[in-house]
file start02.tsv (TSV, C-alpha atoms)
chain	number	residue	atom	x	y	z
A	1	MET	CA	-172.76	65.79	9.36
A	2	GLU	CA	-175.36	64.38	11.74
A	3	ARG	CA	-173.76	60.94	11.63
A	4	SER	CA	-170.33	62.46	12.40
A	5	HIS	CA	-171.76	64.84	15.02
A	6	LEU	CA	-170.58	67.95	13.19
A	7	ASN	CA	-172.05	71.42	12.78
A	8	ARG	CA	-171.49	73.69	9.79
A	9	ARG	CA	-168.63	75.60	11.41
A	10	THR	CA	-166.72	72.47	12.38
A	11	LEU	CA	-167.16	70.92	8.93
A	12	SER	CA	-165.88	74.12	7.34
A	13	LEU	CA	-162.75	74.16	9.50
A	14	ARG	CA	-161.94	70.46	9.17
A	15	ALA	CA	-162.77	69.96	5.49
A	16	GLY	CA	-161.35	73.27	4.27
A	17	ILE	CA	-164.65	74.39	2.70
A	18	PRO	CA	-165.80	78.01	3.20
A	19	TYR	CA	-168.54	78.35	5.80
A	20	THR	CA	-170.68	80.43	3.43
A	21	THR	CA	-170.61	77.62	0.87
A	22	ILE	CA	-171.93	75.10	3.40
A	23	ASP	CA	-174.48	77.56	4.74
A	24	ASN	CA	-175.78	78.24	1.21
A	25	TRP	CA	-176.50	74.52	0.72
A	26	TYR	CA	-179.11	74.83	3.45
A	27	LYS	CA	-180.54	78.06	2.01
A	28	ARG	CA	-180.37	77.49	-1.75
A	29	GLY	CA	-179.70	73.78	-2.29
A	30	TYR	CA	-176.83	72.17	-4.12
A	31	GLU	CA	-177.23	73.81	-7.51
A	32	GLY	CA	-173.82	74.84	-8.80
A	33	LEU	CA	-171.86	72.57	-6.48
A	34	LYS	CA	-168.29	72.36	-7.77
A	35	LEU	CA	-166.78	68.94	-8.38
A	36	SER	CA	-163.68	70.00	-6.45
A	37	THR	CA	-165.84	70.79	-3.42
A	38	ALA	CA	-167.63	67.45	-3.72
A	39	GLY	CA	-164.20	65.84	-3.81
A	40	LYS	CA	-163.22	67.56	-0.55
A	41	LEU	CA	-166.43	66.35	1.08
A	42	ALA	CA	-165.92	62.78	-0.17
A	43	GLU	CA	-162.34	62.72	1.09
A	44	PHE	CA	-163.31	64.16	4.47
A	45	PHE	CA	-166.16	61.69	5.04
A	46	ASP	CA	-164.10	58.78	3.62
A	47	THR	CA	-166.55	58.05	0.84
A	48	THR	CA	-166.85	58.77	-2.91
A	49	THR	CA	-168.33	61.55	-5.00
A	50	ASP	CA	-170.61	58.93	-6.56
A	51	TYR	CA	-172.18	58.29	-3.17
A	52	LEU	CA	-172.68	62.01	-2.55
A	53	LEU	CA	-174.09	62.87	-5.97
A	54	ARG	CA	-176.20	59.83	-6.87
A	55	GLU	CA	-179.44	59.43	-4.97
A	56	ASP	CA	-179.70	55.73	-5.91
A	57	LEU	CA	-176.55	54.82	-3.96
A	58	THR	CA	-176.97	53.94	-0.30
A	59	ASP	CA	-173.57	52.35	0.37
A	60	PRO	CA	-170.92	54.93	1.37
A	61	ASN	CA	-168.22	52.42	0.41
A	62	TYR	CA	-169.44	52.18	-3.18
A	63	GLY	CA	-166.61	52.74	-5.64
A	64	LYS	CA	-163.92	53.22	-3.00
A	65	THR	CA	-160.50	52.19	-4.31
A	66	ALA	CA	-158.02	53.11	-1.55
A	67	GLY	CA	-155.16	52.11	-3.82
A	68	PHE	CA	-156.98	49.01	-5.16
A	69	GLN	CA	-156.79	48.62	-8.93
A	70	VAL	CA	-158.39	46.11	-11.27
A	71	ASP	CA	-156.67	45.20	-14.52
A	72	PHE	CA	-158.47	44.08	-17.69
A	73	PRO	CA	-158.21	40.28	-17.13
A	74	GLU	CA	-159.63	40.75	-13.62
A	75	MET	CA	-162.49	42.81	-15.05
A	76	LYS	CA	-163.28	39.97	-17.46
A	77	MET	CA	-163.38	37.55	-14.53
A	78	LEU	CA	-165.76	39.84	-12.64
A	79	GLN	CA	-168.02	40.02	-15.70
A	80	LYS	CA	-168.09	36.23	-15.92
A	81	TYR	CA	-168.77	35.93	-12.18
A	82	ARG	CA	-171.80	38.20	-12.47
A	83	THR	CA	-173.38	35.91	-15.08
A	84	LEU	CA	-173.31	32.91	-12.73
A	85	ASP	CA	-176.33	31.74	-10.79
A	86	VAL	CA	-176.28	31.31	-7.02
A	87	TYR	CA	-174.82	27.79	-7.27
A	88	GLY	CA	-172.03	28.85	-9.59
A	89	LYS	CA	-171.11	31.80	-7.38
A	90	ARG	CA	-171.12	29.56	-4.33
A	91	ALA	CA	-168.67	27.17	-6.01
A	92	VAL	CA	-166.35	30.01	-7.05
A	93	ASP	CA	-166.54	31.55	-3.58
A	94	THR	CA	-165.55	28.25	-1.98
A	95	VAL	CA	-162.47	27.83	-4.17
A	96	LEU	CA	-161.53	31.48	-3.76
A	97	GLU	CA	-161.71	31.34	0.03
A	98	THR	CA	-159.65	28.15	0.11
A	99	GLU	CA	-156.92	29.58	-2.10
A	100	TYR	CA	-156.94	32.94	-0.33
A	101	ASP	CA	-156.49	31.21	3.01
A	102	ARG	CA	-153.64	29.13	1.56
A	103	MET	CA	-151.83	32.26	0.32
A	104	THR	CA	-152.39	34.49	3.31
A	105	HIS	CA	-152.60	32.14	6.31
A	106	VAL	CA	-150.68	33.90	9.06
A	107	ALA	CA	-149.92	30.61	10.77
A	108	GLU	CA	-147.12	29.98	8.27
A	109	ARG	CA	-145.09	32.64	10.01
A	110	GLU	CA	-145.45	34.12	13.46
A	111	GLN	CA	-143.16	36.52	15.26
A	112	LYS	CA	-142.85	36.76	19.03
A	113	GLY	CA	-140.24	39.17	20.26
A	114	TRP	CA	-136.87	38.31	18.78
A	115	VAL	CA	-137.99	34.83	17.66
A	116	THR	CA	-139.83	33.96	14.44
A	117	TYR	CA	-141.77	30.71	14.09
A	118	ILE	CA	-142.03	29.56	10.49
A	119	ASN	CA	-143.29	26.39	8.80
A	120	LEU	CA	-140.90	23.93	7.16
A	121	TYR	CA	-142.95	21.90	4.65
A	122	ASP	CA	-142.27	18.23	4.29
A	123	LEU	CA	-142.01	18.50	0.49
A	124	ALA	CA	-138.36	18.50	-0.59
A	125	VAL	CA	-138.09	20.46	-3.84
A	126	SER	CA	-135.77	18.84	-6.31
A	127	ALA	CA	-132.49	20.36	-7.30
A	128	GLY	CA	-132.13	17.51	-9.76
A	129	THR	CA	-134.52	15.81	-12.14
A	130	GLY	CA	-137.73	16.66	-10.33
A	131	GLU	CA	-140.15	14.90	-8.03
A	132	PRO	CA	-143.94	15.01	-7.74
A	133	LEU	CA	-145.59	17.98	-6.06
A	134	GLY	CA	-148.34	16.64	-3.86
A	135	ASP	CA	-150.17	17.97	-0.86
A	136	THR	CA	-147.67	19.76	1.36
A	137	TYR	CA	-148.29	19.53	5.09
A	138	TYR	CA	-145.62	20.97	7.35
A	139	THR	CA	-143.93	18.58	9.69
A	140	THR	CA	-141.68	21.04	11.50
A	141	ARG	CA	-142.22	24.43	13.10
A	142	LEU	CA	-138.86	26.18	13.01
A	143	GLU	CA	-137.84	28.60	15.74
A	144	ILE	CA	-135.36	31.08	14.29
A	145	PRO	CA	-133.96	34.42	15.47
A	146	THR	CA	-135.98	37.06	13.64
A	147	GLU	CA	-132.84	38.79	12.36
A	148	LYS	CA	-132.02	35.68	10.30
A	149	VAL	CA	-135.45	35.43	8.62
A	150	PRO	CA	-135.99	37.51	5.45
A	151	GLU	CA	-138.78	40.04	5.87
A	152	ASN	CA	-140.91	38.67	3.01
A	153	ALA	CA	-140.46	34.96	3.79
A	154	HIS	CA	-143.70	33.03	4.20
A	155	CYS	CA	-142.39	29.49	4.68
A	156	CYS	CA	-139.42	27.16	4.23
A	157	LEU	CA	-138.70	24.20	1.95
A	158	ARG	CA	-135.89	21.67	1.89
A	159	VAL	CA	-133.58	21.20	-1.11
A	160	ASN	CA	-133.15	17.70	-2.53
A	161	GLY	CA	-130.24	17.08	-4.90
A	162	ASP	CA	-127.08	18.85	-6.07
A	163	SER	CA	-128.02	20.62	-9.28
A	164	MET	CA	-128.11	24.04	-7.59
A	165	GLU	CA	-124.68	23.72	-5.99
A	166	PRO	CA	-122.70	25.55	-4.84
A	167	ALA	CA	-125.43	28.07	-3.86
A	168	TYR	CA	-127.94	25.49	-2.58
A	169	LYS	CA	-126.80	22.07	-1.45
A	170	ASP	CA	-128.66	18.86	-0.78
A	171	GLY	CA	-130.52	19.19	2.52
A	172	ASP	CA	-130.38	22.99	2.66
A	173	ILE	CA	-133.44	24.80	3.95
A	174	VAL	CA	-134.52	27.80	1.89
A	175	PHE	CA	-136.83	30.69	2.73
A	176	VAL	CA	-139.66	31.13	0.22
A	177	GLN	CA	-141.85	34.12	-0.57
A	178	ARG	CA	-145.21	33.14	-2.00
A	179	LEU	CA	-146.13	35.11	-5.14
A	180	GLU	CA	-149.68	36.37	-5.60
A	181	ASN	CA	-149.42	36.57	-9.38
A	182	GLY	CA	-146.96	33.71	-9.80
A	183	SER	CA	-144.54	35.89	-11.77
A	184	LEU	CA	-140.78	35.72	-11.45
A	185	ARG	CA	-138.15	37.70	-13.35
A	186	GLU	CA	-135.59	35.91	-15.48
A	187	GLY	CA	-132.46	35.27	-13.46
A	188	GLU	CA	-134.31	34.81	-10.16
A	189	VAL	CA	-134.40	31.49	-8.31
A	190	GLY	CA	-137.81	30.11	-7.56
A	191	ILE	CA	-139.89	27.09	-6.65
A	192	PHE	CA	-141.54	25.68	-9.78
A	193	ALA	CA	-144.07	23.04	-10.69
A	194	LEU	CA	-143.42	21.84	-14.23
A	195	ASN	CA	-146.01	19.32	-15.39
A	196	GLY	CA	-146.50	18.25	-11.77
A	197	GLU	CA	-142.82	17.91	-10.93
A	198	GLY	CA	-141.29	20.16	-8.28
A	199	TYR	CA	-138.04	22.06	-8.74
A	200	ILE	CA	-135.88	24.75	-7.24
A	201	LYS	CA	-134.30	26.38	-10.28
A	202	GLN	CA	-133.21	29.65	-11.83
A	203	LEU	CA	-135.67	31.00	-14.35
A	204	GLY	CA	-134.18	31.40	-17.81
A	205	HIS	CA	-135.70	32.23	-21.18
A	206	ARG	CA	-138.15	29.41	-21.80
A	207	GLN	CA	-136.08	27.09	-19.62
A	208	LEU	CA	-135.21	26.26	-16.04
A	209	LEU	CA	-131.52	26.51	-15.23
A	210	SER	CA	-129.25	24.73	-12.76
A	211	PHE	CA	-126.17	26.26	-11.15
A	212	ASN	CA	-124.27	22.97	-11.34
A	213	PRO	CA	-122.83	22.77	-14.89
A	214	LYS	CA	-123.25	19.00	-15.10
A	215	TYR	CA	-127.02	19.48	-15.35
A	216	GLU	CA	-128.56	20.51	-18.66
A	217	PRO	CA	-131.22	23.25	-18.79
A	218	ILE	CA	-134.80	22.01	-18.63
A	219	PRO	CA	-136.69	23.39	-21.66
A	220	ILE	CA	-140.21	24.77	-21.28
A	221	GLY	CA	-142.25	23.79	-24.31
A	222	PRO	CA	-145.43	25.46	-25.59
A	223	PHE	CA	-147.60	22.69	-24.15
A	224	ASP	CA	-145.85	22.40	-20.79
A	225	ARG	CA	-147.65	23.52	-17.65
A	226	LEU	CA	-145.35	25.71	-15.60
A	227	GLU	CA	-146.31	27.35	-12.31
A	228	CYS	CA	-144.09	29.47	-10.11
A	229	GLN	CA	-144.99	28.75	-6.50
A	230	GLY	CA	-142.59	31.15	-4.84
A	231	ARG	CA	-139.38	33.15	-4.88
A	232	VAL	CA	-136.33	31.81	-3.07
A	233	LEU	CA	-135.01	34.57	-0.84
A	234	ALA	CA	-132.13	32.96	1.04
A	235	LYS	CA	-131.12	29.79	2.83
A	236	LEU	CA	-130.97	29.00	6.51
call {"tool": "encode", "arguments": {"input": "start02.tsv", "output": "structure tokens"}}
result
Amino acid sequence: MERSHLNRRTLSLRAGIPYTTIDNWYKRGYEGLKLSTAGKLAEFFDTTTDYLLREDLTDPNYGKTAGFQVDFPEMKMLQKYRTLDVYGKRAVDTVLETEYDRMTHVAEREQKGWVTYINLYDLAVSAGTGEPLGDTYYTTRLEIPTEKVPENAHCCLRVNGDSMEPAYKDGDIVFVQRLENGSLREGEVGIFALNGEGYIKQLGHRQLLSFNPKYEPIPIGPFDRLECQGRVLAKL
């Protein structure tokens, strides 16, 4: 209350807690405090009930989720991270920051008024038999009317080959949405790295599919390394 410059009356009105309840905390302590009341206080002060009820906690942000959830594999990674020494954590932090910047860098797309500036990477993804996926540095900054750019597009790539005709032809530029978890549903078209070779293909069941019937499906074996690098949203 002192930090927020509130008195008892104001807290009562804003947090929806009876004034007598707050006043009794000063007279009789917190014995008998209801969890529902603690929840109202935590919500009002944008903190957690853990912070309010545990004397050992000094960080008001401790345990805050704000819609953030951690699944079991992520918990296992956190457990492993906590066993590392300072050098191990420093190495992990470096890789994490690099990859986070790669996935979220706002420079890939920038909107000014009715114009959107978006990166066209120099890597041409194969719509044929595949070509190596190396370092991708953009060579062109496209200037496109915002209405023509899909909302979730992060960057653009150029199609090389005819295996995805008639939908995507050789030389077409496609809008790509980067995927945080790398997952794509069967039937969707994506940008794939299969054993180091780059493709634009439709994801099938344990295979990559071409739209052009003269190209056979590319099987995905148990020892193949497949990564989905993005979802194809549309073409320019």
call {"tool": "closest_residue", "arguments": {"input": "start02.tsv", "among": "A:Glu97, A:Leu53, A:Lys76, A:Glu143", "to": "Glu31 of chain A", "atoms": "all atoms listed in the file"}}
result
A:Leu53
call {"tool": "atom_distance", "arguments": {"input": "start02.tsv", "atom1": "atom CA of Val232 of chain A", "atom2": "atom CA of Val174 of chain A"}}
result
6.6 Å
call {"tool": "atom_distance", "arguments": {"input": "start02.tsv", "atom1": "atom CA of Leu96 of chain A", "atom2": "atom CA of Met77 of chain A"}}
result
12.5 Å
call {"tool": "atom_distance", "arguments": {"input": "start02.tsv", "atom1": "atom CA of Gly161 of chain A", "atom2": "atom CA of Ser183 of chain A"}}
result
24.6 Å
call {"tool": "closest_residue", "arguments": {"input": "start02.tsv", "among": "A:Leu194, A:Leu41, A:Leu236, A:Leu179", "to": "Asn152 of chain A", "atoms": "all atoms listed in the file"}}
result
A:Leu179
call {"tool": "residues_near_point", "arguments": {"input": "start02.tsv", "point": "(-137.6, 34.9, 4.6)", "cutoff": "10 Å", "atoms": "all atoms listed in the file", "output": "list in words"}}
result
Arg109, Ile118, Thr146, Glu147, Lys148, Val149, Pro150, Glu151, Asn152, Ala153, His154, Cys155, Cys156, Val174, Phe175, Val176, Gln177, Arg231, Val232, Leu233, Ala234, Lys235 and Leu236 of chain A
call {"tool": "residues_around", "arguments": {"input": "start02.tsv", "residues": "segment 15-22 of chain A", "least_positions_apart": "6", "cutoff": "12 Å", "atoms": "only C-alpha atoms", "output": "PyMOL selection string"}}
result
chain A and resi 1+6-9+28-34+36-46
call {"tool": "residues_near_point", "arguments": {"input": "start02.tsv", "point": "(-144.8, 23.2, -16.6)", "cutoff": "9 Å", "atoms": "all atoms listed in the file", "output": "PyMOL selection string"}}
result
chain A and resi 192-197+220-221+223-227
call {"tool": "residues_around", "arguments": {"input": "start02.tsv", "residues": "Pro145 of chain A", "least_positions_apart": "5", "cutoff": "6 Å", "atoms": "all atoms listed in the file", "output": "PyMOL selection string"}}
result
chain A and resi 114-116
call {"tool": "closest_residue", "arguments": {"input": "start02.tsv", "among": "A:Lys89, A:Ile200, A:Asp56, A:Glu186", "to": "Asp170 of chain A", "atoms": "only C-alpha atoms"}}
result
A:Ile200
call {"tool": "closest_residue", "arguments": {"input": "start02.tsv", "among": "A:Glu2, A:Asp162, A:Asp71, A:Asp85", "to": "Pro213 of chain A", "atoms": "all atoms listed in the file"}}
result
A:Asp162
call {"tool": "axis_aligned_box", "arguments": {"input": "start02.tsv", "around": "segment 70-81 of chain A", "padding_each_side": "3 Å", "output": "JSON"}}
result
{"center_x": -162.7, "center_y": 41.0, "center_z": -14.5, "size_x": 18.1, "size_y": 16.2, "size_z": 12.4}
